[in-house]
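The next block is work.tsv, given as TSV, C-alpha atoms.
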```tsv
chain	number	residue	atom	x	y	z
A	78	MET	CA	86.10	112.82	86.79
A	79	SER	CA	89.03	114.76	85.34
A	80	VAL	CA	90.23	114.06	81.83
A	81	PRO	CA	93.94	114.87	81.77
A	82	VAL	CA	95.10	114.73	78.18
A	83	ALA	CA	98.75	115.27	79.02
A	84	ALA	CA	98.88	111.85	80.67
A	85	ALA	CA	99.49	110.26	77.30
A	86	GLY	CA	102.91	110.27	75.77
A	87	HIS	CA	101.71	110.32	72.17
A	88	SER	CA	102.12	113.12	69.72
A	89	VAL	CA	98.55	114.19	69.04
A	90	SER	CA	99.29	116.24	65.97
A	91	ALA	CA	100.82	113.11	64.45
A	92	ALA	CA	98.46	110.44	65.71
A	93	VAL	CA	95.03	112.02	65.67
A	94	PRO	CA	94.83	113.67	62.25
A	95	GLU	CA	96.14	110.58	60.45
A	96	THR	CA	93.53	108.43	62.12
A	97	LEU	CA	90.78	110.91	61.41
A	98	ASN	CA	91.77	111.52	57.81
A	99	ARG	CA	91.59	107.81	57.04
A	100	GLU	CA	88.13	107.32	58.47
A	101	ALA	CA	84.64	108.51	57.70
A	102	PRO	CA	83.78	111.96	59.07
A	103	VAL	CA	82.35	112.07	62.56
A	104	GLU	CA	78.60	111.89	62.63
A	105	ILE	CA	76.95	114.66	64.69
A	106	LEU	CA	73.50	113.10	64.75
A	107	PRO	CA	72.92	109.37	64.11
A	108	VAL	CA	70.20	109.81	61.48
A	109	LYS	CA	69.50	106.07	61.30
A	110	ALA	CA	68.30	106.11	64.90
A	111	LEU	CA	65.74	108.88	64.31
A	112	PRO	CA	62.88	106.44	63.47
A	113	VAL	CA	63.43	104.76	66.85
A	114	VAL	CA	63.26	108.17	68.53
A	115	ALA	CA	60.05	108.95	66.61
A	116	VAL	CA	58.48	105.67	67.78
A	117	ILE	CA	59.40	106.31	71.42
A	118	VAL	CA	58.12	109.91	71.32
A	119	ALA	CA	54.88	108.76	69.63
A	120	ALA	CA	54.44	106.08	72.30
A	121	VAL	CA	54.94	108.66	75.09
A	122	ILE	CA	52.38	110.97	73.44
A	123	ALA	CA	49.95	108.04	73.15
A	124	ALA	CA	50.49	107.17	76.82
A	125	ILE	CA	49.76	110.76	77.84
A	126	GLY	CA	46.81	111.07	75.45
A	127	THR	CA	45.16	107.87	76.71
A	128	ASN	CA	46.17	108.39	80.35
A	129	SER	CA	47.28	104.75	80.46
A	130	ARG	CA	48.44	104.23	84.03
A	131	TRP	CA	50.71	101.32	83.12
A	132	ALA	CA	52.27	103.09	80.11
A	133	LEU	CA	52.89	106.29	82.09
A	134	ASP	CA	54.44	104.25	84.90
A	135	PHE	CA	56.55	102.34	82.40
A	136	PHE	CA	57.94	105.41	80.63
A	137	HIS	CA	58.54	107.28	83.87
A	138	VAL	CA	60.16	104.43	85.80
A	139	ALA	CA	62.08	102.88	82.89
A	140	GLY	CA	63.20	106.24	81.51
A	141	GLY	CA	64.15	107.58	84.94
A	142	GLY	CA	66.03	104.40	85.85
A	143	ILE	CA	68.05	104.34	82.63
A	144	TRP	CA	68.70	108.10	82.78
A	145	THR	CA	69.96	107.85	86.37
A	146	ALA	CA	72.13	104.82	85.68
A	147	LEU	CA	73.58	106.41	82.54
A	148	ASP	CA	74.41	109.67	84.32
A	149	LEU	CA	76.07	107.84	87.20
A	150	PHE	CA	77.94	105.54	84.80
A	151	LEU	CA	79.23	108.43	82.69
A	152	GLY	CA	80.19	110.57	85.64
A	153	PHE	CA	81.70	108.04	88.00
A	154	VAL	CA	82.74	105.02	85.90
A	155	LEU	CA	83.45	106.02	82.29
A	156	GLY	CA	84.80	109.48	83.16
A	157	PRO	CA	87.78	108.30	85.25
A	158	ILE	CA	88.51	105.52	82.70
A	159	LEU	CA	88.44	108.04	79.86
A	160	GLY	CA	90.91	110.19	81.74
A	161	ARG	CA	93.48	107.38	81.82
A	162	LEU	CA	93.27	106.45	78.14
A	163	SER	CA	95.80	107.53	75.54
A	164	ILE	CA	94.71	110.49	73.41
A	165	PRO	CA	94.00	108.49	70.23
A	166	ALA	CA	91.99	105.94	72.25
A	167	ARG	CA	90.08	108.76	73.91
A	168	VAL	CA	89.32	110.37	70.56
A	169	GLU	CA	88.14	107.04	69.14
A	170	LEU	CA	85.83	106.42	72.10
A	171	THR	CA	84.52	109.99	71.99
A	172	LYS	CA	83.79	109.74	68.25
A	173	ARG	CA	81.65	106.68	68.80
A	174	LEU	CA	80.04	107.54	72.12
A	175	MET	CA	79.05	111.18	71.77
A	176	PRO	CA	76.81	110.96	68.66
A	177	LYS	CA	74.74	108.31	70.41
A	178	LEU	CA	74.41	110.43	73.53
A	179	VAL	CA	73.15	113.35	71.42
A	180	LEU	CA	69.99	111.28	70.91
A	181	ILE	CA	69.84	108.97	73.93
A	182	ILE	CA	69.93	111.57	76.71
A	183	PRO	CA	67.27	113.99	75.34
A	184	VAL	CA	64.94	111.08	74.58
A	185	LEU	CA	65.34	109.63	78.08
A	186	VAL	CA	64.80	113.04	79.66
A	187	THR	CA	61.72	113.75	77.55
A	188	MET	CA	60.05	110.40	78.23
A	189	THR	CA	60.82	110.53	81.96
A	190	LEU	CA	59.65	114.09	82.56
A	191	ALA	CA	56.62	114.09	80.25
A	192	ALA	CA	55.29	110.78	81.59
A	193	GLY	CA	56.15	111.79	85.17
A	194	PHE	CA	54.27	115.09	84.99
A	195	GLN	CA	51.19	113.41	83.53
A	196	LEU	CA	51.41	110.65	86.13
A	197	ALA	CA	51.53	113.27	88.88
A	198	ARG	CA	48.45	114.99	87.40
A	199	TYR	CA	46.66	111.64	87.10
A	200	ASN	CA	47.46	110.67	90.69
A	201	GLY	CA	46.55	114.10	92.09
A	202	MET	CA	50.12	114.71	93.26
A	203	LEU	CA	50.27	118.12	91.58
A	204	ASP	CA	47.39	119.35	93.70
A	205	THR	CA	48.48	121.56	96.60
A	206	SER	CA	46.22	119.49	98.86
A	207	PHE	CA	48.32	116.37	98.23
A	208	PRO	CA	49.92	115.45	101.60
A	209	ARG	CA	53.44	115.18	100.15
A	210	HIS	CA	53.14	118.11	97.78
A	211	THR	CA	56.37	119.58	99.20
A	212	TRP	CA	58.25	116.58	97.83
A	213	VAL	CA	56.69	117.18	94.40
A	214	VAL	CA	57.84	120.80	94.46
A	215	ALA	CA	61.30	119.63	95.59
A	216	SER	CA	61.40	117.36	92.54
A	217	PHE	CA	60.58	120.39	90.32
A	218	ALA	CA	63.55	122.21	91.83
A	219	VAL	CA	65.93	119.28	91.35
A	220	VAL	CA	64.77	118.73	87.78
A	221	GLY	CA	65.05	122.47	87.10
A	222	VAL	CA	68.69	122.55	88.21
A	223	MET	CA	69.49	119.40	86.25
A	224	ALA	CA	67.79	120.81	83.14
A	225	VAL	CA	69.78	124.05	83.32
A	226	ILE	CA	73.05	122.11	83.68
A	227	ALA	CA	72.14	119.70	80.90
A	228	ILE	CA	70.92	122.35	78.45
A	229	GLY	CA	73.57	124.92	79.32
A	230	LEU	CA	76.71	122.82	79.68
A	231	LEU	CA	76.29	119.13	78.93
A	232	GLU	CA	74.50	119.13	75.57
A	233	PRO	CA	76.50	122.06	74.06
A	234	ALA	CA	79.76	120.33	75.10
A	235	ASN	CA	78.56	117.10	73.51
A	236	ILE	CA	77.84	118.81	70.18
A	237	ALA	CA	80.93	121.04	70.25
A	238	VAL	CA	83.28	118.08	70.76
A	239	LEU	CA	81.76	116.41	67.70
A	240	PHE	CA	82.36	119.54	65.61
A	241	GLU	CA	85.96	119.60	66.86
A	242	LEU	CA	86.44	115.96	65.90
A	243	ARG	CA	85.24	116.70	62.36
A	244	LYS	CA	88.15	119.05	61.78
A	245	PRO	CA	91.11	117.70	59.75
A	246	GLN	CA	93.32	118.46	62.75
A	247	PRO	CA	91.29	118.44	65.98
A	248	ASN	CA	92.74	120.40	68.85
A	249	PRO	CA	93.27	117.96	71.77
A	250	ALA	CA	93.14	120.84	74.25
A	251	VAL	CA	89.62	121.71	73.05
A	252	ILE	CA	88.56	118.04	73.21
A	253	GLU	CA	90.00	117.72	76.71
A	254	LYS	CA	88.24	120.90	77.88
A	255	LEU	CA	84.88	119.87	76.43
A	256	MET	CA	85.08	116.24	77.57
A	257	ARG	CA	86.05	117.34	81.07
A	258	ARG	CA	83.02	119.61	81.09
A	259	PHE	CA	80.79	116.81	79.75
A	260	ILE	CA	81.93	114.18	82.24
A	261	PHE	CA	81.91	116.63	85.15
A	262	THR	CA	78.36	117.82	84.44
A	263	ALA	CA	77.22	114.22	83.88
A	264	GLY	CA	78.65	113.46	87.34
A	265	ILE	CA	76.80	116.42	88.89
A	266	THR	CA	73.49	115.43	87.31
A	267	GLY	CA	74.20	111.83	88.34
A	268	ALA	CA	74.69	112.91	91.95
A	269	MET	CA	71.49	114.98	91.75
A	270	GLN	CA	69.69	111.92	90.43
A	271	ILE	CA	70.31	110.33	93.82
A	272	GLY	CA	68.29	113.23	95.28
A	273	THR	CA	65.57	112.50	92.74
A	274	LEU	CA	65.58	108.81	93.74
A	275	ILE	CA	65.07	109.79	97.39
A	276	ILE	CA	62.19	112.13	96.46
A	277	MET	CA	60.53	109.61	94.14
A	278	THR	CA	60.73	106.75	96.62
A	279	ARG	CA	59.28	109.03	99.30
A	280	LEU	CA	56.40	109.85	96.97
A	281	ALA	CA	55.81	106.24	95.98
A	282	SER	CA	55.92	104.78	99.51
B	209	MET	CA	101.47	116.38	74.53
B	210	ILE	CA	99.35	119.43	73.86
B	211	ALA	CA	101.12	122.26	72.09
B	212	PRO	CA	101.05	125.58	74.00
B	213	GLU	CA	99.28	127.34	71.12
B	214	GLN	CA	96.57	124.65	71.11
B	215	LYS	CA	96.06	125.13	74.85
B	216	ALA	CA	96.04	128.91	74.42
B	217	TRP	CA	93.36	128.60	71.71
B	218	ALA	CA	91.19	126.39	73.92
B	219	ASP	CA	91.57	128.72	76.91
B	220	ARG	CA	91.27	132.09	75.17
B	221	LYS	CA	88.96	134.58	76.80
B	222	VAL	CA	85.38	134.87	75.61
B	223	PRO	CA	82.49	136.92	76.99
B	224	PRO	CA	80.71	135.18	79.89
B	225	VAL	CA	77.61	134.46	77.82
B	226	THR	CA	77.35	130.80	78.85
B	227	GLY	CA	76.92	131.81	82.48
B	228	LEU	CA	74.46	134.56	81.57
B	229	TRP	CA	72.29	132.33	79.38
B	230	MET	CA	72.36	129.58	82.01
B	231	LEU	CA	71.23	132.13	84.58
B	232	SER	CA	68.47	133.16	82.18
B	233	LEU	CA	67.36	129.52	81.90
B	234	ALA	CA	67.58	129.08	85.68
B	235	LEU	CA	65.29	132.09	86.21
B	236	ILE	CA	62.79	130.58	83.78
B	237	ALA	CA	63.02	127.20	85.53
B	238	GLY	CA	62.37	129.00	88.82
B	239	GLY	CA	59.34	130.78	87.37
B	240	VAL	CA	57.85	127.61	85.93
B	241	SER	CA	58.47	125.68	89.18
B	242	TYR	CA	56.81	128.52	91.10
B	243	LEU	CA	53.71	128.49	88.88
B	244	ALA	CA	53.55	124.67	88.85
B	245	ALA	CA	53.81	124.52	92.64
B	246	TYR	CA	50.39	126.21	92.88
B	247	LEU	CA	48.57	123.93	90.44
B	248	PRO	CA	45.65	123.58	89.95
B	249	LYS	CA	45.17	126.92	91.72
B	250	ARG	CA	46.41	130.12	90.14
B	251	ALA	CA	49.63	131.47	91.61
B	252	PRO	CA	50.10	135.23	92.25
B	253	LEU	CA	51.73	136.32	89.01
B	254	ALA	CA	54.02	139.12	90.20
B	255	PRO	CA	56.97	136.87	91.22
B	256	ALA	CA	56.70	134.93	87.95
B	257	VAL	CA	56.64	138.16	85.91
B	258	GLY	CA	59.67	139.40	87.84
B	259	LEU	CA	61.59	136.20	87.11
B	260	LEU	CA	60.56	136.38	83.45
B	261	ALA	CA	61.69	140.00	83.12
B	262	ALA	CA	65.01	139.27	84.84
B	263	SER	CA	65.52	136.26	82.59
B	264	ALA	CA	64.82	138.27	79.42
B	265	ILE	CA	67.21	141.04	80.52
B	266	VAL	CA	70.02	138.57	81.29
B	267	LEU	CA	69.44	136.84	77.95
B	268	GLY	CA	69.59	140.21	76.17
B	269	ILE	CA	72.83	141.22	77.95
B	270	GLY	CA	74.41	137.99	76.72
B	271	VAL	CA	73.27	138.66	73.16
B	272	VAL	CA	74.71	142.20	73.26
B	273	LEU	CA	78.04	140.97	74.67
B	274	LEU	CA	78.31	138.35	71.94
B	275	ALA	CA	77.22	140.70	69.16
B	276	ARG	CA	80.20	142.95	70.00
B	277	GLN	CA	82.65	140.17	69.17
B	278	ARG	CA	84.48	140.75	65.91
B	279	GLU	CA	86.72	137.67	65.90
B	280	PHE	CA	84.03	135.02	66.10
B	281	ALA	CA	82.88	132.20	63.79
B	282	TRP	CA	79.52	133.78	63.05
B	283	THR	CA	78.72	131.50	60.12
B	284	ARG	CA	79.13	128.38	62.25
B	285	PHE	CA	77.23	130.04	65.09
B	286	ARG	CA	74.27	130.80	62.82
B	287	GLN	CA	74.33	127.30	61.35
B	288	VAL	CA	74.34	125.46	64.69
B	289	ALA	CA	72.06	127.88	66.52
B	290	GLY	CA	69.63	127.83	63.58
B	291	TRP	CA	69.20	124.06	63.54
B	292	THR	CA	68.98	123.91	67.33
B	293	PHE	CA	66.40	126.69	67.23
B	294	LEU	CA	64.33	124.65	64.78
B	295	ALA	CA	64.35	121.71	67.20
B	296	TYR	CA	63.35	123.96	70.08
B	297	VAL	CA	60.53	125.53	68.05
B	298	VAL	CA	59.05	122.04	67.73
B	299	ILE	CA	59.54	121.35	71.47
B	300	ALA	CA	58.10	124.72	72.48
B	301	GLY	CA	55.19	124.25	70.08
B	302	MET	CA	54.31	120.96	71.78
B	303	ILE	CA	54.54	122.53	75.23
B	304	GLU	CA	52.38	125.48	74.14
B	305	TYR	CA	49.83	123.04	72.77
B	306	ALA	CA	49.82	121.27	76.16
B	307	PHE	CA	49.19	124.62	77.92
B	308	ILE	CA	46.18	125.33	75.72
B	309	TYR	CA	44.95	121.73	75.86
B	310	ASP	CA	45.05	121.94	79.68
B	311	HIS	CA	42.84	125.07	79.57
B	312	THR	CA	45.52	127.53	80.63
B	313	ARG	CA	44.05	130.95	79.87
B	314	GLY	CA	44.51	134.70	80.30
B	315	ALA	CA	47.50	136.26	82.01
B	316	VAL	CA	48.91	132.89	83.12
B	317	LEU	CA	49.00	131.74	79.48
B	318	VAL	CA	50.74	134.99	78.45
B	319	VAL	CA	53.40	134.61	81.16
B	320	MET	CA	53.91	130.91	80.41
B	321	THR	CA	54.17	131.63	76.66
B	322	LEU	CA	56.74	134.38	77.20
B	323	MET	CA	58.71	132.03	79.46
B	324	LEU	CA	58.55	129.46	76.71
B	325	LEU	CA	59.89	132.04	74.28
B	326	VAL	CA	62.97	132.64	76.44
B	327	PHE	CA	63.35	128.88	76.89
B	328	MET	CA	63.20	128.53	73.09
B	329	LEU	CA	65.96	131.12	72.53
B	330	ALA	CA	68.54	130.31	75.23
B	331	PRO	CA	69.49	126.71	74.29
B	332	PRO	CA	70.21	127.47	70.59
B	333	LEU	CA	72.36	130.41	71.66
B	334	LEU	CA	74.22	128.20	74.16
B	335	VAL	CA	74.86	125.38	71.68
B	336	GLY	CA	75.76	127.76	68.84
B	337	PHE	CA	78.18	129.71	71.04
B	338	THR	CA	79.86	126.62	72.53
B	339	VAL	CA	80.49	125.21	69.05
B	340	ALA	CA	81.50	128.49	67.38
B	341	ARG	CA	83.92	129.65	70.09
B	342	PHE	CA	86.28	126.82	69.16
B	343	GLN	CA	86.03	127.41	65.41
B	344	HIS	CA	88.51	129.52	63.47
B	345	THR	CA	87.02	132.52	61.71
B	346	SER	CA	89.12	132.16	58.56
```

Would it be possible to restate this file's structure as structure tokens?
Amino acid sequence: MSVPVAAAGHSVSAAVPETLNREAPVEILPVKALPVVAVIVAAVIAAIGTNSRWALDFFHVAGGGIWTALDLFLGFVLGPILGRLSIPARVELTKRLMPKLVLIIPVLVTMTLAAGFQLARYNGMLDTSFPRHTWVVASFAVVGVMAVIAIGLLEPANIAVLFELRKPQPNPAVIEKLMRRFIFTAGITGAMQIGTLIIMTRLAS
Amino acid sequence: MIAPEQKAWADRKVPPVTGLWMLSLALIAGGVSYLAAYLPKRAPLAPAVGLLAASAIVLGIGVVLLARQREFAWTRFRQVAGWTFLAYVVIAGMIEYAFIYDHTRGAVLVVMTLMLLVFMLAPPLLVGFTVARFQHTS
């Protein structure tokens, strides 16, 4: 999961700024994707408002599955690959990947948690009399830890690296530090997702 | 290769506000989980109030530590934290609406709303700080 910048033999001050100066500035937020986000959020609100069992199941299961897979992929597959790339290649990948994640991850988290909470209400799982209520409370704890990591470390690192990449001469040490933090925290939340999978399958079986 | 001055800039010392604000968020998450664990019954409020107070104090300590920084990109901090705050106002507004829609009333509503207030403040501070700490002041 480490992202050692020094592995590359390129001169960053020569390679990176030239590349960046030639190209369009890095986008922090992909504005074109906002209508898609609005549609998904509206659909989640409609599912909650109508208490549609299928729609709540869909958003919770689909959102949770994609969120888990993405976290595991980032932390355990893409992270090590990113660490072995040359610095310019790493910067190019980061420039294209991170703006998308600024939208994708919060949307997945919102649809999974909002639909999941409503589903738990609907199924009576929130009630203390529910036989496996302990598992529900355990899921609150796991989600709480993941939320603190995501809000406190992962999302700020994501946005900060994009601001660094917008500079005429990005500092590779800053990019390395932030990307290491991003990939490391994605790995931690990915590992915690396995705990969530155990809890959820216990609840569903 | 990374130049030593670039590495020094990335690693320069800053107040431990990220840890403090994450702790503040964790205390809020603990308080919300505690209250939610009792649903639909009403949980004893004292532990939740304690967690809320501790969270607010830790958040405030972080703000004071950051406010004492002279060499800091305050303009960038305000810009990023401001936009993030706007997003979190919308999120918190929706959550508050859900509380009221679900007939949360009285002291529980007050505690939940105050927790929401801390939740609304910490993430913009965290994002603004993480971005601004790597920006030059000049």

> Of the candidates A:Gly229, A:Gly141, A:Pro165, A:Pro183, which shows the shortest atom-to-atom distance to Met230 in chain B, using only C-alpha atoms?
Replying inline: A:Gly229

> What is the CA of Pro331 in chain B-CA of Val225 in chain A distance in Å, reported with one decimal?
Replying inline: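 That distance, rounded to one decimal, is 9.4 Å.
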
Please identify every residue of chain A that has at least one atom no more than 6 Å from any atom of chain B, counting all atoms listed in the file, and report them as an mmCIF file with C-alpha atoms, in the coordinates of the input.
```
data_model
loop_
_atom_site.group_PDB
_atom_site.id
_atom_site.type_symbol
_atom_site.label_atom_id
_atom_site.label_comp_id
_atom_site.auth_asym_id
_atom_site.auth_seq_id
_atom_site.Cartn_x
_atom_site.Cartn_y
_atom_site.Cartn_z
ATOM 1 C CA ALA A 83 98.750 115.270 79.020
ATOM 2 C CA SER A 88 102.120 113.120 69.720
ATOM 3 C CA ASP A 204 47.390 119.350 93.700
ATOM 4 C CA VAL A 214 57.840 120.800 94.460
ATOM 5 C CA PHE A 217 60.580 120.390 90.320
ATOM 6 C CA GLY A 221 65.050 122.470 87.100
ATOM 7 C CA VAL A 225 69.780 124.050 83.320
ATOM 8 C CA GLY A 229 73.570 124.920 79.320
ATOM 9 C CA PRO A 233 76.500 122.060 74.060
ATOM 10 C CA ALA A 237 80.930 121.040 70.250
ATOM 11 C CA ALA A 250 93.140 120.840 74.250
ATOM 12 C CA VAL A 251 89.620 121.710 73.050
#
```

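Between CA of Ala300 in chain B and CA of Met328 in chain B lies a distance of 6.4 Å.
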
> Rounded to one decimal in Å, what is the spacing between CA of Met277 in chain A and CA of Leu178 in chain A?
Replying inline: 24.9 Å

>> Just checking: using only C-alpha atoms, which residue out of A:Val138, A:Leu159, A:Leu280, A:Leu274 ends up closest to Gly201 in chain A?
In response: A:Leu280

>> Taking all atoms listed in the file into account, name the residue in B:Thr345, B:Leu324, B:Thr283, B:Gly290 that is nearest to Ile303 in chain B.
In response: B:Leu324

> Looking at all atoms listed in the file, which of A:Pro112, A:Gly152, A:Gly126, A:Pro245 is the one that sits closest to Thr262 in chain A?
Replying inline: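 Checking each candidate against Thr262 in chain A, we get A:Gly152 as the closest.
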
>> Counting only C-alpha atoms, which residue out of A:Ile276, A:Gly193, A:Ile158, A:Ile181 sits closest to Trp212 in chain A?
In response: A:Ile276

> Between A:Ala115, A:Ile271, A:Val168, A:Ile143, which is the closest to Ile182 in chain A once you count all atoms listed in the file?
Replying inline: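 When distances to Ile182 in chain A are compared using all atoms listed in the file, the smallest one comes from A:Ile143.
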
Residues within 12 Å of (66.7, 110.0, 63.1), file coords, only C-alpha atoms, listed as a CSV table (one decimal) with C-alpha atoms, in the coordinates of the input:
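The result, written out as part-v3.csv:
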```csv
chain,number,residue,atom,x,y,z
A,105,ILE,CA,77.0,114.7,64.7
A,106,LEU,CA,73.5,113.1,64.8
A,107,PRO,CA,72.9,109.4,64.1
A,108,VAL,CA,70.2,109.8,61.5
A,109,LYS,CA,69.5,106.1,61.3
A,110,ALA,CA,68.3,106.1,64.9
A,111,LEU,CA,65.7,108.9,64.3
A,112,PRO,CA,62.9,106.4,63.5
A,113,VAL,CA,63.4,104.8,66.8
A,114,VAL,CA,63.3,108.2,68.5
A,115,ALA,CA,60.0,109.0,66.6
A,116,VAL,CA,58.5,105.7,67.8
A,117,ILE,CA,59.4,106.3,71.4
A,118,VAL,CA,58.1,109.9,71.3
A,176,PRO,CA,76.8,111.0,68.7
A,177,LYS,CA,74.7,108.3,70.4
A,179,VAL,CA,73.2,113.4,71.4
A,180,LEU,CA,70.0,111.3,70.9
A,181,ILE,CA,69.8,109.0,73.9
A,184,VAL,CA,64.9,111.1,74.6
```

>> Can you pull out the residues contacting Met323 in chain B? Cut-off 7 Å, using all atoms listed in the file, and skip same-chain residues under 4 positions away; I want them as a ChimeraX atom specification.
In response: /B:236,260,319,327

Padded axis-aligned box of range 183-195 of chain A (8 Å per side), centre and edge lengths, Å, one decimal, as JSON:
```
{"center_x": 59.2, "center_y": 112.4, "center_z": 79.9, "size_x": 32.1, "size_y": 21.5, "size_z": 26.6}
```

> Near range 198-200 of chain A, counting only C-alpha atoms, which residues have an atom at most 12 Å away, once you skip same-chain residues fewer than 4 positions from it, shown as JSON, numbers by chain?
Replying inline: {"A": [124, 125, 126, 127, 128, 129, 130, 131, 133, 134, 191, 192, 193, 194, 204, 205, 207, 210, 213, 280, 281], "B": [244, 247, 248, 310]}
